[in-house]
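> Structure file start.txt (compact mmCIF, C-alpha atoms) right here:
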# COMPACT_ATOMS: atom_id res chain seq x y z
CA MET K 842 -29.19 -63.01 -141.49
CA GLU K 843 -31.20 -60.02 -140.44
CA THR K 844 -34.48 -60.55 -138.74
CA GLU K 845 -36.39 -58.68 -141.44
CA LYS K 846 -34.88 -60.81 -144.19
CA PHE K 847 -35.69 -63.96 -142.27
CA ASP K 848 -39.31 -62.83 -141.87
CA GLN K 849 -39.51 -61.76 -145.49
CA TYR K 850 -38.28 -65.16 -146.63
CA PHE K 851 -41.14 -66.88 -144.81
CA ARG K 852 -43.67 -64.28 -145.90
CA THR K 853 -42.75 -64.71 -149.55
CA GLN K 854 -42.88 -68.46 -149.33
CA PHE K 855 -46.41 -68.46 -147.95
CA GLU K 856 -47.75 -65.73 -150.18
CA ASN K 857 -50.60 -66.97 -152.37
CA GLU K 858 -50.40 -70.39 -150.76
CA THR K 859 -53.39 -72.58 -151.48
CA VAL K 860 -54.39 -76.06 -150.35
CA ALA K 861 -57.55 -77.66 -151.69
CA PRO K 862 -59.91 -78.63 -148.87
CA PRO K 863 -61.74 -81.98 -149.02
CA ALA K 864 -64.75 -81.89 -151.35
CA ALA K 865 -67.09 -83.13 -148.61
CA LEU K 866 -66.41 -79.98 -146.61
CA GLU K 867 -68.36 -77.84 -149.08
CA GLU K 868 -71.58 -79.76 -148.46
CA ALA K 869 -70.97 -79.67 -144.72
CA VAL K 870 -70.63 -75.87 -144.85
CA PHE K 871 -73.78 -75.33 -146.90
CA ASP K 872 -75.78 -77.87 -144.90
CA SER K 873 -74.83 -76.00 -141.72
CA LEU K 874 -75.80 -72.71 -143.32
CA ALA K 875 -79.16 -74.06 -144.45
CA ALA K 876 -79.85 -75.55 -141.03
CA GLY K 877 -78.90 -72.28 -139.36
CA ALA K 878 -81.10 -70.26 -141.71
CA LYS K 879 -84.05 -72.60 -141.12
CA LYS K 880 -83.60 -72.31 -137.37
CA ARG K 881 -83.41 -68.51 -137.57
CA ARG K 882 -86.51 -68.35 -139.79
CA GLY K 883 -88.41 -70.51 -137.29
CA ALA K 884 -87.33 -68.34 -134.39
CA ALA K 885 -88.24 -65.20 -136.34
CA ALA K 886 -91.70 -66.59 -137.14
CA VAL K 887 -92.33 -67.43 -133.48
CA THR K 888 -91.14 -63.98 -132.41
CA LEU K 889 -93.30 -62.29 -135.02
CA GLY K 890 -96.31 -64.34 -133.95
CA LEU K 891 -95.79 -63.38 -130.33
CA VAL K 892 -95.38 -59.71 -131.20
CA VAL K 893 -98.53 -59.70 -133.35
CA THR K 894 -100.53 -61.50 -130.66
CA ALA K 895 -99.30 -59.15 -127.95
CA ALA K 896 -99.98 -56.10 -130.11
CA ALA K 897 -103.48 -57.31 -130.97
CA ALA K 898 -104.25 -58.01 -127.32
CA ALA K 899 -102.92 -54.60 -126.30
CA LEU K 900 -104.99 -52.88 -128.99
CA TRP K 901 -108.11 -54.78 -127.98
CA MET K 902 -107.66 -54.01 -124.30
CA ASN K 903 -106.99 -50.32 -124.85
CA ALA K 904 -109.42 -49.74 -127.68
CA PRO K 905 -111.13 -46.36 -127.21
CA ALA K 906 -114.88 -46.27 -126.98
CA PRO K 907 -116.47 -45.84 -130.40
CA ALA K 908 -117.94 -42.45 -131.09
CA GLN K 909 -121.45 -41.94 -129.78
CA PRO K 910 -123.93 -41.47 -132.60
CA GLU K 911 -125.65 -38.15 -132.45
CA GLY K 912 -129.02 -38.09 -130.84
CA GLN K 913 -128.49 -41.29 -128.91
CA GLU K 914 -128.31 -41.04 -125.15
CA PRO K 915 -125.69 -43.20 -123.51
CA LEU K 916 -127.11 -45.79 -121.21
CA PRO K 917 -125.85 -45.14 -117.69
CA ASN K 918 -126.16 -48.73 -116.61
CA GLU K 919 -123.90 -50.26 -119.23
CA ALA K 920 -120.56 -51.67 -118.34
CA PHE K 921 -118.15 -54.28 -119.58
CA VAL K 922 -118.45 -57.68 -118.06
CA PRO K 923 -115.39 -58.13 -115.85
CA ALA K 924 -113.01 -60.84 -117.00
CA THR K 925 -113.59 -62.85 -113.87
CA SER K 926 -117.37 -62.71 -113.96
CA GLU K 927 -119.56 -65.51 -115.20
CA PRO K 928 -120.23 -64.92 -118.88
CA ASP K 929 -123.80 -66.23 -118.80
CA THR K 930 -125.20 -63.90 -116.13
CA ALA K 931 -127.39 -61.12 -117.43
CA ILE K 932 -125.45 -60.66 -120.66
CA GLU K 933 -127.14 -59.29 -123.63
CA LYS K 934 -126.02 -57.97 -126.96
CA SER K 935 -126.28 -54.30 -127.73
CA ALA K 936 -125.09 -51.90 -130.39
CA PRO K 937 -121.30 -51.51 -130.50
CA ALA K 938 -121.67 -47.74 -130.42
CA THR K 939 -122.63 -47.89 -126.77
CA VAL K 940 -119.65 -49.83 -125.51
CA ALA K 941 -117.53 -48.14 -122.87
CA ALA K 942 -113.81 -48.66 -122.51
CA ALA K 943 -112.83 -51.28 -119.98
CA GLN K 944 -110.31 -50.56 -117.29
CA VAL K 945 -108.41 -53.60 -116.07
CA PRO K 946 -106.76 -52.99 -112.72
CA ALA K 947 -103.07 -53.78 -112.52
CA GLY K 948 -102.36 -57.24 -111.20
CA SER K 949 -105.81 -58.56 -111.90
CA ILE K 950 -106.18 -61.93 -113.54
CA VAL K 951 -107.47 -61.63 -117.05
CA ALA K 952 -108.97 -64.57 -118.84
CA ALA K 953 -107.49 -65.76 -122.13
CA PRO K 954 -108.84 -63.91 -125.19
CA SER K 955 -110.85 -66.95 -126.24
CA GLU K 956 -112.71 -66.90 -122.94
CA MET K 957 -113.33 -63.17 -123.02
CA PRO K 958 -116.72 -61.92 -124.02
CA ALA K 959 -117.03 -60.27 -127.37
CA PRO K 960 -116.29 -56.54 -127.29
CA THR K 961 -119.88 -55.81 -128.19
CA THR K 962 -121.23 -57.75 -125.22
CA VAL K 963 -122.39 -55.50 -122.43
CA LEU K 964 -124.12 -56.03 -119.13
CA SER K 965 -127.28 -54.17 -118.46
CA THR K 966 -128.39 -53.98 -114.84
CA GLU K 967 -130.61 -51.75 -112.85
CA PRO K 968 -128.67 -48.95 -111.14
CA GLU K 969 -128.13 -49.84 -107.54
CA ALA K 970 -128.60 -47.26 -104.86
CA MET K 971 -125.38 -46.31 -103.15
CA ASN K 972 -125.10 -47.55 -99.62
CA GLU K 973 -124.92 -44.91 -97.03
CA VAL K 974 -121.68 -45.12 -95.15
CA ASP K 975 -121.65 -44.20 -91.54
CA SER K 976 -118.87 -41.97 -90.36
CA ARG K 977 -116.40 -43.95 -88.39
CA ALA K 978 -114.47 -42.47 -85.54
CA LEU K 979 -110.81 -43.33 -85.45
CA SER K 980 -109.57 -44.60 -82.13
CA GLY K 981 -107.79 -41.80 -80.33
CA VAL K 982 -108.99 -39.20 -82.82
CA LYS K 983 -111.75 -36.84 -81.93
CA LEU K 984 -113.97 -35.31 -84.55
CA GLN K 985 -113.77 -31.54 -84.41
CA ASP K 986 -117.44 -31.03 -84.79
CA SER K 987 -120.29 -33.37 -84.35
CA ALA K 988 -121.99 -32.43 -87.60
CA GLN K 989 -122.02 -35.26 -90.16
CA PRO K 990 -119.92 -34.36 -93.20
CA GLU K 991 -121.84 -34.40 -96.43
CA LEU K 992 -120.73 -35.06 -99.95
CA GLN K 993 -120.39 -31.83 -101.83
CA GLN K 994 -120.42 -31.65 -105.58
CA LEU K 995 -117.82 -29.15 -106.68
CA GLN K 996 -118.03 -29.32 -110.45
CA GLY K 997 -119.13 -31.90 -112.92
CA GLU K 998 -118.41 -35.41 -111.66
CA LYS K 999 -116.07 -34.36 -108.82
CA TRP K 1000 -117.37 -34.99 -105.35
CA VAL K 1001 -115.65 -34.06 -102.12
CA LEU K 1002 -116.22 -35.37 -98.62
CA PRO K 1003 -114.99 -32.64 -96.29
CA ALA K 1004 -113.31 -33.82 -93.14
CA THR K 1005 -111.05 -32.37 -90.54
CA VAL K 1006 -108.68 -34.63 -88.72
CA LYS K 1007 -106.76 -33.59 -85.69
CA VAL K 1008 -103.78 -35.73 -84.93
CA ASN K 1009 -102.71 -35.97 -81.31
CA ASP K 1010 -98.99 -36.32 -80.67
CA MET F 784 -61.78 -54.79 -156.37
CA GLU F 785 -63.18 -55.66 -159.77
CA ALA F 786 -66.80 -54.99 -160.68
CA ALA F 787 -67.45 -58.69 -161.18
CA ASP F 788 -66.18 -59.41 -157.65
CA ILE F 789 -68.33 -56.64 -156.20
CA ASN F 790 -71.37 -58.09 -157.95
CA LEU F 791 -70.52 -61.53 -156.64
CA ILE F 792 -70.24 -60.24 -153.08
CA GLU F 793 -73.46 -58.28 -153.45
CA ALA F 794 -75.19 -61.48 -154.59
CA CYS F 795 -73.80 -63.25 -151.50
CA LYS F 796 -75.17 -60.44 -149.35
CA ARG F 797 -78.58 -61.14 -150.86
CA GLY F 798 -78.09 -64.82 -149.95
CA LYS F 799 -77.90 -66.12 -153.50
CA PRO F 800 -76.75 -69.77 -153.21
CA SER F 801 -74.92 -69.91 -156.57
CA ALA F 802 -72.87 -66.84 -155.63
CA GLN F 803 -72.04 -68.36 -152.24
CA ARG F 804 -70.85 -71.54 -153.96
CA GLU F 805 -68.70 -69.55 -156.33
CA VAL F 806 -67.09 -67.55 -153.53
CA TYR F 807 -66.50 -70.75 -151.60
CA ALA F 808 -64.84 -72.45 -154.58
CA ARG F 809 -62.62 -69.48 -155.26
CA PHE F 810 -61.36 -68.69 -151.77
CA SER F 811 -61.49 -71.99 -149.89
CA PRO F 812 -58.00 -73.19 -150.96
CA MET F 813 -56.43 -69.97 -149.65
CA MET F 814 -58.40 -70.16 -146.41
CA PHE F 815 -57.61 -73.83 -145.89
CA ALA F 816 -53.88 -73.12 -146.28
CA VAL F 817 -54.13 -70.45 -143.57
CA ALA F 818 -56.10 -72.79 -141.30
CA LEU F 819 -53.52 -75.56 -141.74
CA ARG F 820 -50.71 -73.28 -140.55
CA TYR F 821 -52.51 -72.61 -137.28
CA THR F 822 -53.22 -76.24 -136.48
CA ASN F 823 -51.31 -79.45 -136.26
CA GLY F 824 -53.76 -81.59 -138.15
CA ARG F 825 -56.06 -81.51 -141.13
CA ALA F 826 -59.09 -82.42 -139.03
CA ASP F 827 -58.70 -79.28 -136.92
CA ALA F 828 -58.07 -77.21 -140.04
CA GLU F 829 -61.27 -78.55 -141.60
CA ASP F 830 -63.23 -77.61 -138.48
CA ILE F 831 -61.77 -74.12 -138.58
CA LEU F 832 -62.53 -73.72 -142.27
CA GLN F 833 -66.14 -74.82 -141.86
CA GLU F 834 -66.66 -72.50 -138.90
CA ALA F 835 -64.99 -69.65 -140.77
CA TRP F 836 -67.23 -70.02 -143.83
CA ILE F 837 -70.36 -70.00 -141.71
CA LYS F 838 -69.12 -66.76 -140.12
CA VAL F 839 -68.32 -65.34 -143.56
CA PHE F 840 -71.81 -65.89 -144.96
CA ARG F 841 -73.56 -64.79 -141.79
CA HIS F 842 -71.61 -61.55 -141.57
CA ILE F 843 -70.93 -60.79 -145.22
CA LYS F 844 -73.38 -57.87 -145.06
CA SER F 845 -70.93 -56.09 -142.78
CA PHE F 846 -68.15 -56.33 -145.37
CA SER F 847 -67.38 -53.08 -147.15
CA GLU F 848 -66.25 -53.18 -150.78
CA HIS F 849 -63.63 -50.56 -149.96
CA ASN F 850 -61.60 -53.23 -148.16
CA SER F 851 -59.81 -56.30 -149.45
CA PHE F 852 -62.19 -59.25 -149.48
CA GLU F 853 -59.31 -61.72 -149.30
CA GLY F 854 -57.85 -59.85 -146.34
CA TRP F 855 -61.25 -59.93 -144.63
CA LEU F 856 -61.51 -63.69 -145.21
CA ARG F 857 -57.98 -64.28 -143.90
CA ARG F 858 -58.77 -62.39 -140.70
CA ILE F 859 -61.88 -64.46 -140.16
CA VAL F 860 -59.87 -67.69 -140.55
CA VAL F 861 -57.17 -66.44 -138.17
CA ASN F 862 -59.74 -65.31 -135.60
CA THR F 863 -61.52 -68.64 -135.86
CA ALA F 864 -58.20 -70.46 -135.44
CA ILE F 865 -57.45 -68.39 -132.33
CA THR F 866 -60.88 -69.23 -130.89
CA HIS F 867 -60.25 -72.89 -131.68
CA TYR F 868 -56.81 -72.71 -130.07
CA ARG F 869 -58.19 -71.11 -126.91
CA ARG F 870 -61.02 -73.64 -126.71
CA ASN F 871 -58.62 -76.56 -126.96
CA GLN F 872 -56.16 -74.94 -124.61
CA LYS F 873 -58.64 -75.46 -121.77
CA HIS F 874 -58.66 -79.22 -122.23
CA ALA F 875 -55.15 -80.03 -123.36
CA PHE F 876 -51.93 -80.10 -121.43
CA GLN F 877 -50.29 -76.85 -122.36
CA LEU F 878 -46.56 -76.43 -122.21
CA ASP F 879 -45.75 -72.99 -120.96
CA VAL F 880 -43.93 -71.46 -123.88
CA ASP F 881 -41.79 -69.35 -121.59
CA GLU F 882 -40.34 -72.53 -120.16
CA VAL F 883 -39.34 -73.87 -123.54
CA HIS F 884 -35.71 -73.15 -124.06
CA ALA F 885 -34.97 -71.46 -127.32
CA THR F 886 -32.14 -72.91 -129.32
CA PRO F 887 -28.90 -70.99 -128.88
CA ALA F 888 -28.50 -70.59 -132.61
CA ASP F 889 -28.17 -67.02 -133.75
CA LEU F 890 -29.84 -65.66 -136.82
CA GLU F 891 -26.57 -63.91 -137.71
CA ALA F 892 -24.98 -67.28 -138.25
CA PHE F 893 -27.74 -68.28 -140.61
CA LYS F 894 -26.43 -67.15 -143.98
CA GLU F 895 -28.73 -68.73 -146.51
CA LEU F 896 -32.22 -70.10 -146.53
CA ASP F 897 -33.02 -72.66 -149.15
CA PHE F 898 -36.11 -74.55 -148.17
CA THR F 899 -39.31 -75.48 -149.87
CA ARG F 900 -42.64 -74.16 -148.65
CA GLU F 901 -43.53 -77.61 -147.32
CA GLU F 902 -40.29 -77.76 -145.31
CA LEU F 903 -40.95 -74.34 -143.83
CA ALA F 904 -44.51 -75.35 -143.00
CA THR F 905 -43.20 -78.47 -141.28
CA ALA F 906 -40.75 -76.34 -139.30
CA ILE F 907 -43.50 -73.92 -138.21
CA ALA F 908 -45.69 -76.84 -137.19
CA GLN F 909 -42.92 -78.01 -134.86
CA LEU F 910 -42.96 -74.73 -132.93
CA PRO F 911 -44.58 -74.75 -129.51
CA LYS F 912 -48.20 -73.67 -130.01
CA GLY F 913 -47.81 -70.20 -128.54
CA TYR F 914 -44.71 -69.47 -130.61
CA GLY F 915 -46.43 -70.73 -133.75
CA MET F 916 -49.45 -68.49 -133.22
CA VAL F 917 -47.38 -65.36 -132.71
CA PHE F 918 -45.01 -66.18 -135.59
CA ASN F 919 -47.84 -66.84 -138.02
CA MET F 920 -49.76 -63.76 -137.01
CA TYR F 921 -46.80 -61.38 -137.07
CA VAL F 922 -44.64 -62.70 -139.91
CA ILE F 923 -47.12 -64.26 -142.32
CA GLU F 924 -50.32 -62.30 -141.69
CA GLY F 925 -48.69 -58.99 -140.82
CA TYR F 926 -50.44 -58.33 -137.49
CA LYS F 927 -48.89 -55.83 -135.08
CA HIS F 928 -47.80 -56.91 -131.60
CA LYS F 929 -50.60 -54.85 -130.07
CA GLU F 930 -53.21 -56.74 -132.12
CA ILE F 931 -51.59 -60.10 -131.34
CA ALA F 932 -51.54 -59.31 -127.64
CA GLU F 933 -55.22 -58.36 -127.73
CA GLN F 934 -56.27 -61.35 -129.80
CA LEU F 935 -54.35 -63.90 -127.75
CA GLY F 936 -54.98 -62.21 -124.44
CA ILE F 937 -51.30 -61.87 -123.64
CA ASP F 938 -48.98 -59.03 -122.70
CA LEU F 939 -47.43 -56.92 -125.45
CA ASN F 940 -43.92 -57.84 -124.29
CA THR F 941 -44.86 -61.51 -124.18
CA SER F 942 -45.84 -61.27 -127.83
CA LYS F 943 -42.48 -59.71 -128.67
CA SER F 944 -40.45 -62.20 -126.68
CA GLN F 945 -42.37 -65.15 -128.11
CA LEU F 946 -41.73 -63.92 -131.63
CA SER F 947 -38.02 -63.59 -130.90
CA ARG F 948 -37.91 -67.08 -129.43
CA ALA F 949 -39.93 -68.46 -132.31
CA ARG F 950 -37.38 -67.15 -134.82
CA LYS F 951 -34.50 -68.76 -132.93
CA TYR F 952 -36.43 -71.95 -132.46
CA LEU F 953 -37.22 -72.09 -136.16
CA GLN F 954 -33.61 -71.51 -137.06
CA GLY F 955 -32.63 -74.47 -134.94
CA ILE F 956 -35.20 -76.66 -136.62
CA LEU F 957 -34.09 -75.55 -140.09
CA GLU F 958 -30.43 -76.15 -139.25
CA ASN F 959 -31.23 -79.67 -138.15
CA MET F 960 -33.18 -80.22 -141.34
CA SER F 961 -30.20 -79.00 -143.39
CA LYS F 962 -27.82 -81.30 -141.55
CA ARG F 963 -30.07 -84.28 -142.07
CA ALA F 964 -30.40 -83.45 -145.76
CA GLN F 965 -26.58 -83.18 -146.12
CA GLN F 966 -26.05 -86.49 -144.32
CA ALA F 967 -28.56 -88.15 -146.60
In structure tokens, how does this file's structure come out?

Amino acid sequence: METEKFDQYFRTQFENETVAPPAALEEAVFDSLAAGAKKRRGAAAVTLGLVVTAAAAALWMNAPAPAQPEGQEPLPNEAFVPATSEPDTAIEKSAPATVAAAQVPAGSIVAAPSEMPAPTTVLSTEPEAMNEVDSRALSGVKLQDSAQPELQQLQGEKWVLPATVKVND
Amino acid sequence: MEAADINLIEACKRGKPSAQREVYARFSPMMFAVALRYTNGRADAEDILQEAWIKVFRHIKSFSEHNSFEGWLRRIVVNTAITHYRRNQKHAFQLDVDEVHATPADLEAFKELDFTREELATAIAQLPKGYGMVFNMYVIEGYKHKEIAEQLGIDLNTSKSQLSRARKYLQGILENMSKRAQQA
């Protein structure tokens, strides 16, 4: 008998073959499906919750400062209370229009949102005078001239401290 | 594919339980028959069928109505059976099919075949596991050697040689069955 005929004989015999599976298997299949669907829904809900929480936190942290109402001078001594500062020291409520955006340095520890002060909470303190910093001579480096360098305002808020450093080989 | 079948599949894609039950009732007997041919026991076949149906309903959205739904279901059963076979292969003592000596019988000497489907199924079940897999996939399901080699993780020539040996082995089994029937 040729190989093809042999194969064809088997193929024909098993064509449209059916065997009824046990009735209990149907419930097992649909129970597994329901359990799997429930598990996936739970996982999806947790993921969604995490995404929403993270998005809300990110929005809150990066919220731009609200527009300044016309005719109102911004208070120069207002700043956000740092996350690590004590919330009950010199905190007072003020209008939300005067809130400045907070900058959280990378790597800093930030308190949980529930412990954070409300976005409208600002700290008002008297402006402190800047400490005068003495020029410090580097060991092995000689200053070119003895004149004390002075801060020079170039434009707007940019300040430059001119210095000349001579490096000895 | 008929419009009613397309609607039924679409309902399954939407996760409608009654449609899923209907599809299960209609195609389970065919799928169970396929699963039985790839295993030596009903318990294994039931495991394969259950696993296959879960795959079917989880991935039914990827099925395109341009293809044969029955063909798609058969492939899922066969793939599940292969996974099952590989999984069990790790734990069971596996006879290297290349060391099984094929019967010397020649297909040329085999003039007539007159067996029932059950007898043929019994003969296939007696094949060494590797031979049975290749024979089922190539002869019954119509896979190509390249596909079989990829699915089973074997060489293309191994697939061909195993099929050849499976045919001879089967012939030997069927001859013995004929002799026993004549003696009885």
> With all atoms of region 793-809 of chain F from the file as input, state the centre and edge lengths in Å to one decimal of the axis-aligned box that has 5 Å extra on each side, as AutoDock Vina command-line options.

--center_x -70.6 --center_y -65.4 --center_z -153.0 --size_x 26.0 --size_y 24.2 --size_z 17.2
> List the neighbours of region 834-846 of chain F out to 9 Å using all atoms listed in the file; skip same-chain residues closer than 3 positions along the sequence, and give me the result as a PyMOL selection string.
(chain K and resi 870-871+873-874) or (chain F and resi 792-793+795-798+803+807+811+814+829-831+849-850+852+855-856+859-864)
> CA of Ser942 (chain F) and CA of His928 (chain F) are how many Å apart?
6.1 Å
> Show me, as a PDB file with C-alpha atoms, in the coordinates of the input, every residue of chain K with an atom at most 6 Å from chain F, counting all atoms listed in the file.

ATOM      1  CA  MET K 842     -29.190 -63.010-141.490  1.00  0.00           C
ATOM      2  CA  ASP K 848     -39.310 -62.830-141.870  1.00  0.00           C
ATOM      3  CA  ARG K 852     -43.670 -64.280-145.900  1.00  0.00           C
ATOM      4  CA  GLN K 854     -42.880 -68.460-149.330  1.00  0.00           C
ATOM      5  CA  THR K 859     -53.390 -72.580-151.480  1.00  0.00           C
ATOM      6  CA  VAL K 860     -54.390 -76.060-150.350  1.00  0.00           C
ATOM      7  CA  ALA K 861     -57.550 -77.660-151.690  1.00  0.00           C
ATOM      8  CA  VAL K 870     -70.630 -75.870-144.850  1.00  0.00           C
TER       9      VAL K 870
END
> Between CA of Tyr821 (chain F) and CA of Lys912 (chain F), measure the distance and give it in Å to one decimal.
8.5 Å
> Rounded to one decimal in Å, what is the spacing between CA of Gly877 (chain K) and CA of Val806 (chain F)?
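Going from CA of Gly877 (chain K) over to CA of Val806 (chain F) covers 19.0 Å.
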> Can you pull out the residues contacting Ser944 (chain F)? Cut-off 12 Å, using all atoms listed in the file, and skip same-chain residues under 3 positions away; I want them as a list in words.
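Neighbouring residues, sequence-local ones excluded: Val880, Asp881, Ala885, Gly913, Tyr914, Val917, Phe918, His928, Ala932, Ile937, Asp938, Leu939, Asn940, Thr941, Ser947, Arg948, Ala949, Arg950 and Lys951 of chain F.
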> Take region 786-856 of chain F from the preceding structure and save C-alpha atoms as a PDB file, in the first residue's frame.

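Dumped to decode00.pdb:
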ATOM      1  CA  ALA F 786     -23.777  34.491   9.591  1.00  0.00           C
ATOM      2  CA  ALA F 787     -25.212  32.779  12.661  1.00  0.00           C
ATOM      3  CA  ASP F 788     -21.763  31.405  13.533  1.00  0.00           C
ATOM      4  CA  ILE F 789     -20.169  34.812  13.052  1.00  0.00           C
ATOM      5  CA  ASN F 790     -22.754  36.337  15.379  1.00  0.00           C
ATOM      6  CA  LEU F 791     -22.105  33.619  17.927  1.00  0.00           C
ATOM      7  CA  ILE F 792     -18.360  34.241  17.827  1.00  0.00           C
ATOM      8  CA  GLU F 793     -18.899  37.985  18.042  1.00  0.00           C
ATOM      9  CA  ALA F 794     -21.032  37.429  21.148  1.00  0.00           C
ATOM     10  CA  CYS F 795     -18.213  35.312  22.621  1.00  0.00           C
ATOM     11  CA  LYS F 796     -15.787  38.139  21.877  1.00  0.00           C
ATOM     12  CA  ARG F 797     -18.044  40.414  23.917  1.00  0.00           C
ATOM     13  CA  GLY F 798     -17.906  37.832  26.731  1.00  0.00           C
ATOM     14  CA  LYS F 799     -21.556  36.828  26.572  1.00  0.00           C
ATOM     15  CA  PRO F 800     -21.879  33.717  28.806  1.00  0.00           C
ATOM     16  CA  SER F 801     -24.760  32.105  26.885  1.00  0.00           C
ATOM     17  CA  ALA F 802     -22.780  32.327  23.637  1.00  0.00           C
ATOM     18  CA  GLN F 803     -19.724  30.824  25.325  1.00  0.00           C
ATOM     19  CA  ARG F 804     -21.848  27.928  26.587  1.00  0.00           C
ATOM     20  CA  GLU F 805     -23.257  27.360  23.132  1.00  0.00           C
ATOM     21  CA  VAL F 806     -19.825  27.322  21.507  1.00  0.00           C
ATOM     22  CA  TYR F 807     -18.581  24.975  24.196  1.00  0.00           C
ATOM     23  CA  ALA F 808     -21.491  22.559  23.679  1.00  0.00           C
ATOM     24  CA  ARG F 809     -21.051  22.556  19.936  1.00  0.00           C
ATOM     25  CA  PHE F 810     -17.296  22.099  19.636  1.00  0.00           C
ATOM     26  CA  SER F 811     -16.264  20.253  22.802  1.00  0.00           C
ATOM     27  CA  PRO F 812     -16.880  16.723  21.420  1.00  0.00           C
ATOM     28  CA  MET F 813     -14.605  17.430  18.438  1.00  0.00           C
ATOM     29  CA  MET F 814     -11.935  18.959  20.666  1.00  0.00           C
ATOM     30  CA  PHE F 815     -12.107  16.132  23.183  1.00  0.00           C
ATOM     31  CA  ALA F 816     -11.599  13.571  20.402  1.00  0.00           C
ATOM     32  CA  VAL F 817      -8.458  15.427  19.297  1.00  0.00           C
ATOM     33  CA  ALA F 818      -7.196  15.645  22.877  1.00  0.00           C
ATOM     34  CA  LEU F 819      -7.741  11.907  23.401  1.00  0.00           C
ATOM     35  CA  ARG F 820      -5.553  11.051  20.408  1.00  0.00           C
ATOM     36  CA  TYR F 821      -2.621  12.967  21.887  1.00  0.00           C
ATOM     37  CA  THR F 822      -2.805  11.366  25.309  1.00  0.00           C
ATOM     38  CA  ASN F 823      -2.950   7.912  26.750  1.00  0.00           C
ATOM     39  CA  GLY F 824      -5.703   8.554  29.230  1.00  0.00           C
ATOM     40  CA  ARG F 825      -8.977  10.375  29.604  1.00  0.00           C
ATOM     41  CA  ALA F 826      -7.762  12.295  32.642  1.00  0.00           C
ATOM     42  CA  ASP F 827      -4.963  13.914  30.634  1.00  0.00           C
ATOM     43  CA  ALA F 828      -7.365  14.591  27.761  1.00  0.00           C
ATOM     44  CA  GLU F 829      -9.765  16.312  30.152  1.00  0.00           C
ATOM     45  CA  ASP F 830      -6.951  18.506  31.475  1.00  0.00           C
ATOM     46  CA  ILE F 831      -5.989  19.432  27.926  1.00  0.00           C
ATOM     47  CA  LEU F 832      -9.572  20.208  26.968  1.00  0.00           C
ATOM     48  CA  GLN F 833     -10.115  22.441  29.985  1.00  0.00           C
ATOM     49  CA  GLU F 834      -6.875  24.304  29.377  1.00  0.00           C
ATOM     50  CA  ALA F 835      -7.699  24.644  25.681  1.00  0.00           C
ATOM     51  CA  TRP F 836     -11.134  26.153  26.342  1.00  0.00           C
ATOM     52  CA  ILE F 837      -9.706  28.709  28.729  1.00  0.00           C
ATOM     53  CA  LYS F 838      -7.226  29.700  26.009  1.00  0.00           C
ATOM     54  CA  VAL F 839     -10.039  29.843  23.449  1.00  0.00           C
ATOM     55  CA  PHE F 840     -12.175  32.269  25.443  1.00  0.00           C
ATOM     56  CA  ARG F 841      -9.235  34.398  26.529  1.00  0.00           C
ATOM     57  CA  HIS F 842      -7.922  34.782  23.001  1.00  0.00           C
ATOM     58  CA  ILE F 843     -11.107  34.629  20.957  1.00  0.00           C
ATOM     59  CA  LYS F 844     -10.770  38.344  20.153  1.00  0.00           C
ATOM     60  CA  SER F 845      -7.723  37.490  18.068  1.00  0.00           C
ATOM     61  CA  PHE F 846      -9.722  35.072  15.905  1.00  0.00           C
ATOM     62  CA  SER F 847     -10.544  36.379  12.451  1.00  0.00           C
ATOM     63  CA  GLU F 848     -13.810  35.339  10.812  1.00  0.00           C
ATOM     64  CA  HIS F 849     -11.936  34.835   7.548  1.00  0.00           C
ATOM     65  CA  ASN F 850     -10.424  31.648   8.970  1.00  0.00           C
ATOM     66  CA  SER F 851     -11.999  28.350   9.936  1.00  0.00           C
ATOM     67  CA  PHE F 852     -13.148  28.475  13.537  1.00  0.00           C
ATOM     68  CA  GLU F 853     -12.978  24.695  13.849  1.00  0.00           C
ATOM     69  CA  GLY F 854      -9.447  24.714  12.462  1.00  0.00           C
ATOM     70  CA  TRP F 855      -8.482  27.415  14.955  1.00  0.00           C
ATOM     71  CA  LEU F 856      -9.937  25.356  17.819  1.00  0.00           C
TER      72      LEU F 856
END
